[in-house]
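Q: One file is attached below, input_9.pdb, containing PDB, C-alpha atoms and all ligand atoms.
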```pdb
ATOM      1  CA  MET A   1       0.000   0.000   0.000
ATOM      2  CA  GLY A   2       1.312   3.445  -0.884
ATOM      3  CA  LYS A   3       2.394   5.806   1.847
ATOM      4  CA  VAL A   4       0.259   8.948   1.834
ATOM      5  CA  ILE A   5       2.012  12.181   2.841
ATOM      6  CA  SER A   6       0.280  15.570   3.084
ATOM      7  CA  ILE A   7       2.470  18.570   2.310
ATOM      8  CA  ILE A   8       1.006  21.144   4.625
ATOM      9  CA  ASN A   9       1.489  24.598   6.094
ATOM     10  CA  GLN A  10      -1.354  27.073   6.621
ATOM     11  CA  LYS A  11       1.027  29.920   5.846
ATOM     12  CA  GLY A  12       1.023  30.931   2.175
ATOM     13  CA  GLY A  13       4.026  30.924  -0.135
ATOM     14  CA  VAL A  14       6.374  28.839   2.028
ATOM     15  CA  GLY A  15       7.277  26.302  -0.666
ATOM     16  CA  LYS A  16       4.559  23.637  -0.287
ATOM     17  CA  THR A  17       3.888  23.261  -4.001
ATOM     18  CA  THR A  18       7.564  23.534  -4.949
ATOM     19  CA  SER A  19       8.330  20.810  -2.396
ATOM     20  CA  ALA A  20       5.384  18.634  -3.445
ATOM     21  CA  ILE A  21       6.342  18.753  -7.138
ATOM     22  CA  ASN A  22      10.050  18.223  -6.618
ATOM     23  CA  LEU A  23       9.851  15.575  -3.894
ATOM     24  CA  ALA A  24       7.312  13.672  -6.008
ATOM     25  CA  ALA A  25       9.556  13.934  -9.091
ATOM     26  CA  SER A  26      12.622  12.836  -7.103
ATOM     27  CA  LEU A  27      10.707   9.842  -5.689
ATOM     28  CA  ALA A  28       9.758   8.842  -9.251
ATOM     29  CA  VAL A  29      13.404   9.127 -10.350
ATOM     30  CA  ALA A  30      14.278   6.851  -7.416
ATOM     31  CA  GLU A  31      11.935   4.305  -9.050
ATOM     32  CA  ARG A  32       9.070   4.770  -6.614
ATOM     33  CA  GLN A  33       5.726   4.966  -8.429
ATOM     34  CA  THR A  34       4.427   8.280  -7.187
ATOM     35  CA  LEU A  35       1.101  10.085  -7.354
ATOM     36  CA  LEU A  36       0.932  13.828  -6.695
ATOM     37  CA  ILE A  37      -2.528  15.076  -5.798
ATOM     38  CA  ASP A  38      -3.112  18.775  -6.300
ATOM     39  CA  PHE A  39      -5.502  19.576  -3.444
ATOM     40  CA  ASP A  40      -5.391  23.358  -3.747
ATOM     41  CA  PRO A  41      -7.967  25.327  -5.777
ATOM     42  CA  GLN A  42      -5.078  27.544  -6.964
ATOM     43  CA  GLY A  43      -4.006  24.543  -9.087
ATOM     44  CA  ASN A  44      -0.306  25.438  -8.864
ATOM     45  CA  ALA A  45       0.951  21.838  -8.840
ATOM     46  CA  THR A  46      -1.216  21.178 -11.914
ATOM     47  CA  SER A  47       0.090  24.113 -13.942
ATOM     48  CA  GLY A  48       3.612  23.698 -12.535
ATOM     49  CA  LEU A  49       3.723  20.274 -14.159
ATOM     50  CA  GLY A  50       2.527  21.631 -17.481
ATOM     51  CA  PHE A  51      -1.213  20.827 -17.397
ATOM     52  CA  SER A  52      -3.455  23.669 -18.555
ATOM     53  CA  PRO A  53      -6.850  24.332 -16.918
ATOM     54  CA  GLU A  54      -8.591  23.609 -20.265
ATOM     55  CA  LYS A  55      -6.944  20.207 -20.519
ATOM     56  CA  VAL A  56      -7.958  19.068 -17.035
ATOM     57  CA  ALA A  57     -11.436  20.643 -16.808
ATOM     58  CA  GLY A  58     -14.150  18.196 -15.767
ATOM     59  CA  LYS A  59     -11.684  15.512 -14.609
ATOM     60  CA  THR A  60     -10.093  16.938 -11.494
ATOM     61  CA  ILE A  61      -9.949  15.977  -7.836
ATOM     62  CA  TYR A  62     -13.129  18.026  -7.320
ATOM     63  CA  GLU A  63     -15.272  15.823  -9.578
ATOM     64  CA  ALA A  64     -13.833  12.710  -7.904
ATOM     65  CA  LEU A  65     -14.505  14.138  -4.448
ATOM     66  CA  VAL A  66     -18.161  14.904  -5.153
ATOM     67  CA  GLY A  67     -18.711  11.579  -6.940
ATOM     68  CA  GLN A  68     -19.060  12.832 -10.513
ATOM     69  CA  CYS A  69     -16.228  10.560 -11.716
ATOM     70  CA  SER A  70     -13.935   7.907 -10.300
ATOM     71  CA  LEU A  71     -10.577   8.912  -8.842
ATOM     72  CA  ALA A  72      -8.799   6.572 -11.261
ATOM     73  CA  ASP A  73     -10.297   8.565 -14.167
ATOM     74  CA  THR A  74      -8.559  11.740 -13.010
ATOM     75  CA  ILE A  75      -5.001  10.335 -12.930
ATOM     76  CA  LEU A  76      -2.716  11.865 -15.555
ATOM     77  CA  GLU A  77       0.697  10.665 -16.659
ATOM     78  CA  SER A  78       3.403  13.319 -16.341
ATOM     79  CA  GLU A  79       6.415  13.846 -18.574
ATOM     80  CA  LEU A  80       8.517  11.974 -16.035
ATOM     81  CA  PRO A  81       8.118   8.177 -16.013
ATOM     82  CA  GLY A  82       6.712   6.979 -12.681
ATOM     83  CA  LEU A  83       5.198  10.356 -11.763
ATOM     84  CA  PHE A  84       1.405  10.665 -11.982
ATOM     85  CA  VAL A  85      -0.756  13.668 -11.194
ATOM     86  CA  ILE A  86      -4.330  14.311 -10.122
ATOM     87  CA  PRO A  87      -5.097  17.893 -11.131
ATOM     88  CA  ALA A  88      -7.139  20.583  -9.407
ATOM     89  CA  ASP A  89      -8.778  23.774 -10.587
ATOM     90  CA  GLN A  90     -10.738  26.574  -8.956
ATOM     91  CA  ASN A  91     -13.882  24.402  -8.706
ATOM     92  CA  LEU A  92     -12.195  22.757  -5.726
ATOM     93  CA  SER A  93     -12.887  25.877  -3.654
ATOM     94  CA  GLY A  94     -16.584  24.913  -3.874
ATOM     95  CA  ALA A  95     -15.818  21.667  -2.041
ATOM     96  CA  GLU A  96     -14.911  23.605   1.133
ATOM     97  CA  VAL A  97     -18.545  24.750   1.260
ATOM     98  CA  GLU A  98     -20.291  21.753  -0.303
ATOM     99  CA  LEU A  99     -18.680  19.253   2.054
ATOM    100  CA  VAL A 100     -19.859  21.072   5.172
ATOM    101  CA  GLY A 101     -23.259  19.364   5.226
ATOM    102  CA  ALA A 102     -22.075  16.012   3.873
ATOM    103  CA  ILE A 103     -22.056  12.794   5.878
ATOM    104  CA  ALA A 104     -18.547  11.742   6.969
ATOM    105  CA  ARG A 105     -17.336  14.916   5.308
ATOM    106  CA  GLU A 106     -13.798  14.612   6.716
ATOM    107  CA  GLN A 107     -13.354  11.138   5.221
ATOM    108  CA  LYS A 108     -14.270  11.923   1.607
ATOM    109  CA  LEU A 109     -10.724  11.977   0.255
ATOM    110  CA  LYS A 110      -9.633   8.960   2.300
ATOM    111  CA  LYS A 111     -12.498   6.909   0.930
ATOM    112  CA  ILE A 112     -11.744   7.564  -2.735
ATOM    113  CA  LEU A 113      -7.974   7.377  -2.215
ATOM    114  CA  ASP A 114      -8.296   3.824  -0.916
ATOM    115  CA  THR A 115      -9.371   2.796  -4.446
ATOM    116  CA  VAL A 116      -5.959   3.671  -5.998
ATOM    117  CA  ARG A 117      -3.535   3.371  -3.062
ATOM    118  CA  GLY A 118      -2.286  -0.049  -4.062
ATOM    119  CA  ARG A 119      -0.905   1.255  -7.362
ATOM    120  CA  PHE A 120       1.702   3.592  -5.859
ATOM    121  CA  HIS A 121       4.644   3.555  -3.476
ATOM    122  CA  TYR A 122       4.051   7.175  -2.467
ATOM    123  CA  ILE A 123       1.101   9.550  -2.702
ATOM    124  CA  LEU A 124       1.839  13.220  -1.976
ATOM    125  CA  ILE A 125      -0.966  15.716  -1.366
ATOM    126  CA  ASP A 126      -0.256  19.400  -2.039
ATOM    127  CA  CYS A 127      -2.505  21.237   0.439
ATOM    128  CA  PRO A 128      -3.878  24.779   0.280
ATOM    129  CA  PRO A 129      -2.635  27.477   2.680
ATOM    130  CA  SER A 130      -5.350  27.025   5.302
ATOM    131  CA  LEU A 131      -6.476  24.563   7.939
ATOM    132  CA  GLY A 132      -9.987  24.273   6.467
ATOM    133  CA  MET A 133     -12.045  21.322   5.264
ATOM    134  CA  LEU A 134      -9.677  20.434   2.407
ATOM    135  CA  THR A 135      -6.653  20.212   4.687
ATOM    136  CA  ILE A 136      -8.670  18.234   7.267
ATOM    137  CA  ASN A 137      -9.623  15.791   4.492
ATOM    138  CA  ALA A 138      -5.979  15.530   3.421
ATOM    139  CA  LEU A 139      -4.763  14.854   6.983
ATOM    140  CA  THR A 140      -7.537  12.303   7.552
ATOM    141  CA  ALA A 141      -6.427  10.458   4.392
ATOM    142  CA  SER A 142      -2.702  10.577   5.219
ATOM    143  CA  ASP A 143      -0.211   8.404   7.043
ATOM    144  CA  SER A 144       1.962  11.426   7.754
ATOM    145  CA  TYR A 145       2.387  15.127   7.114
ATOM    146  CA  LEU A 146       5.441  16.996   5.939
ATOM    147  CA  VAL A 147       5.802  20.676   6.750
ATOM    148  CA  PRO A 148       7.815  22.922   4.449
ATOM    149  CA  MET A 149       8.803  25.965   6.470
ATOM    150  CA  GLN A 150      10.525  29.253   5.836
ATOM    151  CA  CYS A 151      12.833  30.394   8.629
ATOM    152  CA  GLU A 152      11.040  33.574   9.627
ATOM    153  CA  TYR A 153      10.026  35.030  12.941
ATOM    154  CA  PHE A 154       6.342  34.021  12.835
ATOM    155  CA  SER A 155       7.032  30.557  11.403
ATOM    156  CA  LEU A 156       7.356  28.925  14.818
ATOM    157  CA  GLU A 157       3.949  30.149  15.993
ATOM    158  CA  GLY A 158       2.404  28.818  12.793
ATOM    159  CA  LEU A 159       4.161  25.511  13.291
ATOM    160  CA  SER A 160       2.770  24.937  16.785
ATOM    161  CA  GLN A 161      -0.740  25.817  15.597
ATOM    162  CA  LEU A 162      -0.372  23.336  12.781
ATOM    163  CA  VAL A 163       0.919  20.566  15.018
ATOM    164  CA  SER A 164      -2.035  21.076  17.409
ATOM    165  CA  THR A 165      -4.482  20.797  14.496
ATOM    166  CA  ALA A 166      -2.790  17.584  13.360
ATOM    167  CA  THR A 167      -2.932  16.260  16.931
ATOM    168  CA  LEU A 168      -6.682  16.990  17.074
ATOM    169  CA  ILE A 169      -7.210  15.121  13.812
ATOM    170  CA  GLN A 170      -5.064  12.257  15.059
ATOM    171  CA  GLY A 171      -7.232  12.002  18.173
ATOM    172  CA  ALA A 172     -10.611  12.286  16.482
ATOM    173  CA  LEU A 173     -10.248  10.926  12.955
ATOM    174  CA  ASN A 174      -6.906   9.333  12.138
ATOM    175  CA  PRO A 175      -4.983   7.652  14.986
ATOM    176  CA  ASN A 176      -2.152   6.623  12.639
ATOM    177  CA  LEU A 177      -1.244  10.140  11.549
ATOM    178  CA  SER A 178       2.373  11.058  12.297
ATOM    179  CA  LEU A 179       4.761  13.885  11.532
ATOM    180  CA  GLU A 180       6.951  12.908   8.556
ATOM    181  CA  GLY A 181       9.239  15.854   9.083
ATOM    182  CA  ILE A 182       9.898  19.564   8.829
ATOM    183  CA  LEU A 183      11.726  20.787   5.757
ATOM    184  CA  LEU A 184      13.373  24.202   5.803
ATOM    185  CA  THR A 185      12.805  25.983   2.498
ATOM    186  CA  MET A 186      14.245  29.075   0.773
ATOM    187  CA  PHE A 187      17.035  28.904   3.321
ATOM    188  CA  ASP A 188      19.523  31.766   3.272
ATOM    189  CA  SER A 189      22.613  30.688   5.207
ATOM    190  CA  ARG A 190      23.831  34.318   5.477
ATOM    191  CA  ASN A 191      20.770  35.261   7.493
ATOM    192  CA  ASN A 192      21.292  34.982  11.266
ATOM    193  CA  LEU A 193      17.574  34.782  12.007
ATOM    194  CA  ALA A 194      17.296  31.777   9.694
ATOM    195  CA  HIS A 195      19.900  29.944  11.783
ATOM    196  CA  GLN A 196      18.160  30.909  15.040
ATOM    197  CA  VAL A 197      14.788  29.645  13.799
ATOM    198  CA  ALA A 198      16.420  26.450  12.516
ATOM    199  CA  ASP A 199      18.027  25.897  15.946
ATOM    200  CA  GLU A 200      14.653  26.375  17.678
ATOM    201  CA  VAL A 201      12.979  23.847  15.379
ATOM    202  CA  LYS A 202      15.804  21.382  15.978
ATOM    203  CA  LYS A 203      15.459  21.865  19.751
ATOM    204  CA  HIS A 204      11.733  21.094  19.686
ATOM    205  CA  PHE A 205      11.508  18.533  16.925
ATOM    206  CA  GLY A 206      14.936  16.834  16.959
ATOM    207  CA  GLU A 207      15.265  14.197  14.257
ATOM    208  CA  LYS A 208      11.973  15.249  12.689
ATOM    209  CA  LEU A 209      13.822  18.216  11.191
ATOM    210  CA  PHE A 210      15.235  17.134   7.833
ATOM    211  CA  ALA A 211      19.039  17.330   7.790
ATOM    212  CA  THR A 212      18.744  18.669   4.235
ATOM    213  CA  VAL A 213      17.750  22.311   3.848
ATOM    214  CA  ILE A 214      16.377  23.694   0.590
ATOM    215  CA  PRO A 215      18.306  26.843  -0.387
ATOM    216  CA  ARG A 216      16.771  29.801  -2.172
ATOM    217  CA  ASN A 217      17.471  28.916  -5.795
ATOM    218  CA  ILE A 218      16.257  30.698  -8.901
ATOM    219  CA  LYS A 219      15.966  27.446 -10.905
ATOM    220  CA  LEU A 220      13.319  26.220  -8.477
ATOM    221  CA  SER A 221      11.174  29.267  -9.185
ATOM    222  CA  GLU A 222      11.763  29.144 -12.965
ATOM    223  CA  ALA A 223      11.008  25.439 -13.487
ATOM    224  CA  PRO A 224       7.186  25.641 -13.032
ATOM    225  CA  SER A 225       6.895  28.325 -15.716
ATOM    226  CA  HIS A 226       8.294  25.669 -18.076
ATOM    227  CA  GLY A 227       5.821  23.112 -16.728
ATOM    228  CA  LYS A 228       8.598  20.910 -15.360
ATOM    229  CA  PRO A 229       9.988  19.675 -12.068
ATOM    230  CA  VAL A 230      13.458  21.150 -11.526
ATOM    231  CA  LEU A 231      15.029  17.747 -12.256
ATOM    232  CA  LEU A 232      13.937  18.050 -15.880
ATOM    233  CA  TYR A 233      14.783  21.760 -16.044
ATOM    234  CA  ASP A 234      18.256  21.901 -14.495
ATOM    235  CA  ILE A 235      19.369  18.735 -12.770
ATOM    236  CA  GLU A 236      22.724  20.271 -11.801
ATOM    237  CA  SER A 237      21.124  23.150  -9.893
ATOM    238  CA  LYS A 238      21.431  23.418  -6.111
ATOM    239  CA  GLY A 239      17.642  23.281  -5.936
ATOM    240  CA  ALA A 240      17.461  19.955  -7.778
ATOM    241  CA  ARG A 241      20.257  18.452  -5.700
ATOM    242  CA  SER A 242      18.706  19.547  -2.423
ATOM    243  CA  TYR A 243      15.336  17.976  -3.262
ATOM    244  CA  LEU A 244      17.087  14.745  -4.289
ATOM    245  CA  GLU A 245      18.853  14.730  -0.899
ATOM    246  CA  ALA A 246      15.620  15.390   1.015
ATOM    247  CA  THR A 247      13.984  12.553  -0.938
ATOM    248  CA  LYS A 248      16.777  10.199   0.111
ATOM    249  CA  GLU A 249      15.919  11.056   3.711
ATOM    250  CA  ILE A 250      12.240  10.274   3.114
ATOM    251  CA  ILE A 251      13.093   6.924   1.546
ATOM    252  CA  GLU A 252      15.480   6.037   4.381
ATOM    253  CA  ARG A 253      12.899   6.994   7.020
ATOM    254  CA  ASN A 254      10.406   4.688   5.346
ATOM    255  CA  LEU A 255      12.525   1.618   4.710
ATOM    256  CA  PRO A 256      10.795  -1.416   6.187
ATOM    257  CA  LYS A 257      12.222  -2.146   9.614
ATOM    258  CA  ALA A 258      14.378  -5.311   9.605
ATOM    259  CA  ALA A 259      12.154  -8.297  10.331
ATOM    260  CA  ALA A 260      12.464  -9.423  13.926
ATOM    261  CA  ARG A 261      14.932 -12.309  14.061
ATOM    262  CA  PRO A 262      14.311 -15.350  16.255
ATOM    263  CA  PRO A 263      16.554 -15.386  19.313
ATOM    264  CA  VAL A 264      19.841 -17.266  18.891
ATOM    265  CA  THR A 265      19.956 -20.341  21.157
ATOM    266  CA  SER A 266      22.769 -22.787  21.941
ATOM    267  CA  GLU A 267      20.936 -25.543  20.015
ATOM    268  CA  ALA A 268      20.705 -23.443  16.906
ATOM    269  CA  PRO A 269      23.862 -21.385  16.366
ATOM    270  CA  ALA A 270      23.503 -18.293  14.189
ATOM    271  CA  PRO A 271      24.393 -18.884  10.540
ATOM    272  CA  GLY A 272      28.070 -18.226   9.977
ATOM    273  CA  LEU A 273      29.003 -19.247  13.534
ATOM    274  CA  GLN A 274      28.786 -22.969  12.816
ATOM    275  CA  GLN A 275      32.130 -24.819  12.704
TER     276      GLN A 275
HETATM  277  N1  LIG A 301      13.763  27.256  -2.676
HETATM  278  C1  LIG A 301      13.231  28.235  -3.420
HETATM  279  N2  LIG A 301      14.004  29.149  -4.034
HETATM  280  C2  LIG A 301      13.481  30.158  -4.751
HETATM  281  N3  LIG A 301      12.153  30.331  -4.937
HETATM  282  C3  LIG A 301      11.317  29.452  -4.358
HETATM  283  C4  LIG A 301      11.804  28.353  -3.575
HETATM  284  N4  LIG A 301      10.730  27.630  -3.113
HETATM  285  C5  LIG A 301       9.644  28.264  -3.596
HETATM  286  N5  LIG A 301       9.973  29.341  -4.335
HETATM  287  C6  LIG A 301       9.077  30.299  -4.974
HETATM  288  O1  LIG A 301       8.309  30.926  -3.941
HETATM  289  C7  LIG A 301       6.963  31.081  -4.334
HETATM  290  C8  LIG A 301       6.047  30.306  -3.359
HETATM  291  O2  LIG A 301       6.357  28.920  -3.461
HETATM  292  P1  LIG A 301       5.212  27.801  -3.505
HETATM  293  O3  LIG A 301       4.186  28.148  -4.518
HETATM  294  O4  LIG A 301       5.893  26.499  -3.617
HETATM  295  O5  LIG A 301       4.634  27.995  -2.048
HETATM  296  P2  LIG A 301       3.249  27.435  -1.468
HETATM  297  O6  LIG A 301       3.477  27.250   0.003
HETATM  298  O7  LIG A 301       2.789  26.272  -2.237
HETATM  299  O8  LIG A 301       2.264  28.658  -1.734
HETATM  300  P3  LIG A 301       0.666  28.645  -1.469
HETATM  301  O9  LIG A 301       0.518  28.753   0.004
HETATM  302  O10 LIG A 301       0.159  29.840  -2.210
HETATM  303  O11 LIG A 301       0.143  27.356  -2.009
HETATM  304  C9  LIG A 301       6.864  30.570  -5.759
HETATM  305  O12 LIG A 301       7.004  31.648  -6.637
HETATM  306  C10 LIG A 301       8.061  29.632  -5.884
HETATM  307  O13 LIG A 301       8.539  29.534  -7.208
HETATM  308 MG    MG A 302       0.921  25.915  -3.155
END
```
Would you write out, as structure tokens, the structure that this file holds?
A:
Amino acid sequence: MGKVISIINQKGGVGKTTSAINLAASLAVAERQTLLIDFDPQGNATSGLGFSPEKVAGKTIYEALVGQCSLADTILESELPGLFVIPADQNLSGAEVELVGAIAREQKLKKILDTVRGRFHYILIDCPPSLGMLTINALTASDSYLVPMQCEYFSLEGLSQLVSTATLIQGALNPNLSLEGILLTMFDSRNNLAHQVADEVKKHFGEKLFATVIPRNIKLSEAPSHGKPVLLYDIESKGARSYLEATKEIIERNLPKAAARPPVTSEAPAPGLQQ
């Protein structure tokens, strides 16, 4: 079953979509079948991977969510082998309102996602900049959440608010939800405040802070205007290399734990110890 990871931060413009696109692309390059779900009415992940609103109209996550088509029917193949996309457009903003009166409204995404989960190693959900009904649906459908974060003064307050929301959802709707990690984005190593904020996050979250930081890099901001992940735009760029490194961390964190070995007894010496 694919691991579902929400890319979330209620603050706008912190690098959620850039991280979602480039982590998903890097996972595909690492031969993990990956599905990126655009779950933001802004549709930035959709356009950033080269899909125009006209092309996707009528077959987006919105139609799947409200039962007008199956989720499988909305899956598009991207230019990169192994990377698939479910697009979004502005209709998705209607779902925030329409879902309010629906039965089991928080579970809508989870329910339809279960129908395609088996086809992928990873499913990444690019969330909108709010903690509304769409984000609650994403967190209810996810195994974990990954928080891209810019090292600014107010970032820490936002982070604790976000973690409390996730904890509420874990308690009420999704006991298995865990924090995948916090990824520092647009990092400027010459900025003292950035280092202070990074130190604070490390103090509170320890190993949950990714060792890799994503630097501010112009190639990362140019790539979506060409409809490509940065790996297909400039693989040598610092931006591309940093997302490949962060992806390695995700893969390592999710390697299956070594199967428990039976205890070694005197009657049955461990292989290799026999004379
Ligand atoms: N590491 C980076 N270096 C340079 N520019 C970046 C970097 N990461 C993101 N950007 C740029 O910053 C802007 C915001 O990034 P992005 O759209 O990924 O944020 P977001 O959190 O998804 O925004 P929103 O909350 O609106 O969905 C974009 O113009 C993007 O190209
Ligand atoms: Mg975004």
Q: What does the distance between atom CA of A:Ser242 and atom CA of A:Ala30 come to in Å, to one decimal place?
A: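 For atom CA of A:Ser242 relative to atom CA of A:Ala30, the distance reads 14.3 Å.
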Q: So which residues get picked by the PyMOL selection byres (((chain A and resi 47) around 12) and not hetatm) here, written as a ChimeraX atom specification?
A: /A:17-18,21,38,40-46,48-56,78,85-89,223-229
Q: Of the candidates A:Ala25, A:Val4, A:Ala102, A:Ile75, which one gets nearest to A:Asn254 if we count all atoms listed in the file?
A: A:Val4
Q: Apply the PyMOL selection byres (((chain A and resi 192-208) around 6) and not hetatm) to the displayed file and report the matching residues as a list in words.
A: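 What the PyMOL selection byres (((chain A and resi 192-208) around 6) and not hetatm) grabs from the file is Cys151, Gly181, Asn191 and Leu209 of chain A.
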Q: Assuming the chain letters and numbering stay as they are in my file, what does the PyMOL selection byres (((chain A and resi 187) around 6) and not hetatm) actually select? List them as a ChimeraX atom specification.
A: /A:185-186,188,214-216
Q: Give as JSON, numbers by chain the set of residues within 6 Å of the point (4.6, 16.7, -4.2), where distances use the file's coordinates and only C-alpha atoms.
A: {"A": [19, 20, 21, 23, 24, 36, 124, 126]}
Q: Could you pull the residues within 12 Å of A:Gly171, counting all atoms listed in the file, minus those fewer than 6 positions along the same chain, as a VMD selection string?
A: chain A and resid 139 to 140 164 to 165 177 to 178
Q: From the set A:Lys219, A:Lys11, A:Arg253, A:Lys108, which residue has the shortest atom-to-atom contact distance to A:Tyr233, counting only C-alpha atoms?
A: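 The shortest atom-to-atom distance to A:Tyr233 comes from A:Lys219.
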Q: Quick one: residues within 10 Å of A:Glu63, all atoms listed in the file, excluding same-chain residues fewer than 4 positions away - as a PyMOL selection string?
A: chain A and resi 57-59+67-71+73-74+88+91-92+95
Q: Generate a file of the selected residues that holds C-alpha atoms, formatted as a compact mmCIF listing (two decimals), in the frame of the given file.
A:
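Result went into part03.txt, see below:
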```txt
# COMPACT_ATOMS: atom_id res chain seq x y z
CA ALA A 57 -11.44 20.64 -16.81
CA GLY A 58 -14.15 18.20 -15.77
CA LYS A 59 -11.68 15.51 -14.61
CA GLY A 67 -18.71 11.58 -6.94
CA GLN A 68 -19.06 12.83 -10.51
CA CYS A 69 -16.23 10.56 -11.72
CA SER A 70 -13.94 7.91 -10.30
CA LEU A 71 -10.58 8.91 -8.84
CA ASP A 73 -10.30 8.56 -14.17
CA THR A 74 -8.56 11.74 -13.01
CA ALA A 88 -7.14 20.58 -9.41
CA ASN A 91 -13.88 24.40 -8.71
CA LEU A 92 -12.20 22.76 -5.73
CA ALA A 95 -15.82 21.67 -2.04
```
Q: As an exercise, work out the distance from atom CA of A:Asn174 to atom CA of A:Arg119 in Å and give it to one decimal place.
A: 21.9 Å
Q: Have a look at atom CA of A:Ala211 and atom CA of A:Leu232 and let me know their distance in Å, one decimal.
A: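 Computing the Euclidean distance for atom CA of A:Ala211 and atom CA of A:Leu232 yields 24.2 Å.
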